[in-house]
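Here the structure is laid out as structure tokens; the discussion comes afterwards.
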Amino acid sequence: MVRFKVTVLLLLVCGGMTAQERNKSADSVAIDFFQAIGSFAALYYGHEYEEYPQTTNHPYLIDEKYTNARLSYGKTIYPEVLLRLDLYRNELLVRSGAGYRNIVLFPENVEFAEMHGKHVVYFQKDDLPGCPASGYYILLYSGKYKVLEKISAQLIEKTESGKLERYFQFSTRFYLLKDGVYHPVKSKRGLLKALSPYGKELKKFISTRKLNYKKGTEDFLILTLGEYERLMGVEN
């Protein structure tokens, strides 16, 4: 298969050239091709994923099926790869083309993954006050100020009438990075307290836009932070 692809590339590139030009072009095409293959193969050096026993639901972001995603891994961009994020084990998985293996990516090599319309990053815990633990987060807002969203899954096991039931329970937390401090955001009131001194202006904005923290937390945070930066005169 690889030889066939290289041959097609050479025929397309080298037609109408002199022998010397063909040799140079052939070398260039071959080098570029095998470099691309080699960098793609780097995705499959992780360990193989261990499947769960039977559960009533799944621990993955949005969908248990793999989704077509854009990945930055080891400072290389992969425009189309099949990914799945395990929220319980905190693992990002890639589906290999050969043998359909489920490979766990090395988190320290993951710069970002764009999947399910979300920007997923591997966040390394730092020394700033209030910093959350290392793991995969959704970078919900990224301007002068940043908001991280952490979705976690917990495996619950219950025995009823002698039958074992396993299922995952989910929780979501938000963290605002502002002025070198991570603020856990648990409510509308908590957010507005962190976004002083524009509480009155933001309350008016929220009312005008009919934003609801509980029913649409992500949109609430994104739009409110955008308005706060506008009030602060932050240039985007």
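In the structure tokens, chains take the letters A, B, ... in the order shown, each chain's residues start at 1, and ligands count up from 1 in the order shown.
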
Which residues are near segment 165-181 of chain A? Cut-off 7 Å, only C-alpha atoms, ignore same chain within fewer than 5 positions. Put them as a VMD selection string. chain A and resid 55 to 59 128 to 130 145 to 159

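When the distance limit is 7 Å and only C-alpha atoms are what count, the residues near segment 66-77 of chain A, minus those fewer than 2 positions from it on the same chain, are A:Glu64, A:Pro79, A:Glu80, A:Val81, A:Leu82, A:Leu83, A:Arg84, A:Asn109, A:Val110, A:Glu111, A:Phe112, A:Ala113, A:Glu114, A:Met115.
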
Near segment 222-233 of chain A, counting only C-alpha atoms, which residues have an atom at most 9 Å away, once you skip same-chain residues fewer than 5 positions from it, shown as an NGL selection string? :A and (140-141 or 143-147 or 195 or 198 or 201-202 or 205-206 or 211 or 217)

Any chance you could list, as a PDB file with N, CA, C and O atoms, in the first residue's frame, the residues in segment 60-199 of chain A that come up alpha helix (DSSP H) when DSSP is run on the backbone?
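What ended up in part.pdb:
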ATOM      1  N   LYS A 188     -23.408  32.042  39.757  1.00  0.00           N
ATOM      2  CA  LYS A 188     -23.420  33.383  39.166  1.00  0.00           C
ATOM      3  C   LYS A 188     -22.838  34.394  40.149  1.00  0.00           C
ATOM      4  O   LYS A 188     -22.017  35.240  39.775  1.00  0.00           O
ATOM      5  N   ARG A 189     -23.237  34.276  41.389  1.00  0.00           N
ATOM      6  CA  ARG A 189     -22.759  35.203  42.419  1.00  0.00           C
ATOM      7  C   ARG A 189     -21.239  35.105  42.585  1.00  0.00           C
ATOM      8  O   ARG A 189     -20.544  36.112  42.699  1.00  0.00           O
ATOM      9  N   GLY A 190     -20.719  33.874  42.576  1.00  0.00           N
ATOM     10  CA  GLY A 190     -19.284  33.682  42.728  1.00  0.00           C
ATOM     11  C   GLY A 190     -18.496  34.267  41.563  1.00  0.00           C
ATOM     12  O   GLY A 190     -17.418  34.851  41.757  1.00  0.00           O
ATOM     13  N   LEU A 191     -19.047  34.135  40.355  1.00  0.00           N
ATOM     14  CA  LEU A 191     -18.374  34.699  39.190  1.00  0.00           C
ATOM     15  C   LEU A 191     -18.331  36.220  39.269  1.00  0.00           C
ATOM     16  O   LEU A 191     -17.284  36.832  39.055  1.00  0.00           O
ATOM     17  N   LEU A 192     -19.467  36.836  39.578  1.00  0.00           N
ATOM     18  CA  LEU A 192     -19.527  38.298  39.630  1.00  0.00           C
ATOM     19  C   LEU A 192     -18.628  38.854  40.736  1.00  0.00           C
ATOM     20  O   LEU A 192     -18.059  39.937  40.589  1.00  0.00           O
ATOM     21  N   LYS A 193     -18.490  38.103  41.814  1.00  0.00           N
ATOM     22  CA  LYS A 193     -17.597  38.528  42.892  1.00  0.00           C
ATOM     23  C   LYS A 193     -16.151  38.549  42.406  1.00  0.00           C
ATOM     24  O   LYS A 193     -15.377  39.468  42.731  1.00  0.00           O
ATOM     25  N   ALA A 194     -15.788  37.559  41.586  1.00  0.00           N
ATOM     26  CA  ALA A 194     -14.420  37.492  41.055  1.00  0.00           C
ATOM     27  C   ALA A 194     -14.179  38.548  39.991  1.00  0.00           C
ATOM     28  O   ALA A 194     -13.036  38.954  39.760  1.00  0.00           O
ATOM     29  N   GLY A 199     -19.532  44.640  38.723  1.00  0.00           N
ATOM     30  CA  GLY A 199     -20.690  43.816  39.057  1.00  0.00           C
ATOM     31  C   GLY A 199     -21.999  44.375  38.532  1.00  0.00           C
ATOM     32  O   GLY A 199     -22.801  43.641  37.941  1.00  0.00           O
TER      33      GLY A 199
END

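When only C-alpha atoms are used to measure the gap to Glu51 of chain A, the shortest distance among A:Ile103, A:Ser96, A:Glu160, A:Ser134 belongs to A:Ile103.
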
Would you mind writing down, as a VMD selection string, each residue of segment 3-225 of chain A that DSSP on the backbone assigns to strand (DSSP E)? chain A and resid 67 to 73 76 to 86 91 to 95 102 to 104 110 to 115 118 to 123 135 to 142 146 to 160 163 to 178 181 to 185

Test item: residues at most 10 Å from Gln124 of chain A, only C-alpha atoms, excluding those fewer than 4 positions along its chain, as a list of chain:residue names: A:Pro107, A:Glu108, A:Cys131, A:Pro132, A:Ala133, A:Ser134, A:Gly135, A:Tyr136

Requested write-out: N, CA and C atoms of the selected residues, as a JSON list (two decimals), in the first residue's frame:
[["chain", "number", "residue", "atom", "x", "y", "z"],
["A", 107, "PRO", "N", -0.08, 11.94, 27.82],
["A", 107, "PRO", "CA", -0.69, 13.26, 28.05],
["A", 107, "PRO", "C", 0.29, 14.42, 27.93],
["A", 108, "GLU", "N", 1.56, 14.19, 28.31],
["A", 108, "GLU", "CA", 2.53, 15.28, 28.25],
["A", 108, "GLU", "C", 2.83, 15.70, 26.81],
["A", 131, "CYS", "N", -4.81, 26.48, 42.07],
["A", 131, "CYS", "CA", -4.65, 25.71, 40.83],
["A", 131, "CYS", "C", -5.24, 24.30, 40.97],
["A", 132, "PRO", "N", -6.08, 23.88, 40.02],
["A", 132, "PRO", "CA", -6.64, 22.53, 40.07],
["A", 132, "PRO", "C", -5.60, 21.47, 39.68],
["A", 133, "ALA", "N", -5.97, 20.20, 39.84],
["A", 133, "ALA", "CA", -5.06, 19.09, 39.56],
["A", 133, "ALA", "C", -4.79, 18.95, 38.07],
["A", 134, "SER", "N", -3.70, 18.31, 37.73],
["A", 134, "SER", "CA", -3.37, 18.04, 36.32],
["A", 134, "SER", "C", -4.43, 17.12, 35.72],
["A", 135, "GLY", "N", -4.64, 17.26, 34.43],
["A", 135, "GLY", "CA", -5.60, 16.39, 33.74],
["A", 135, "GLY", "C", -6.12, 17.04, 32.48],
["A", 136, "TYR", "N", -7.05, 16.37, 31.83],
["A", 136, "TYR", "CA", -7.67, 16.90, 30.61],
["A", 136, "TYR", "C", -8.82, 17.84, 30.99]]

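Atom CA of Leu221 of chain A sits 15.2 Å away from atom CA of Thr208 of chain A.
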
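Candidate residues A:Lys204, A:Arg209, A:His47, A:Lys163 were compared for distance to Leu105 of chain A, and the nearest is A:His47, using only C-alpha atoms.
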
Pick from A:Val121, A:Leu92, A:Leu61, A:Leu85, whichever lies nearest to Gly46 of chain A using only C-alpha atoms: A:Leu92

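Between Tyr100 of chain A and the residues A:Lys214, A:Val185, A:Ser196, A:Glu48, the shortest atom-to-atom distance, using only C-alpha atoms, involves A:Glu48.
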
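Atom CA of Phe220 of chain A lies 10.6 Å from atom CA of Ser187 of chain A.
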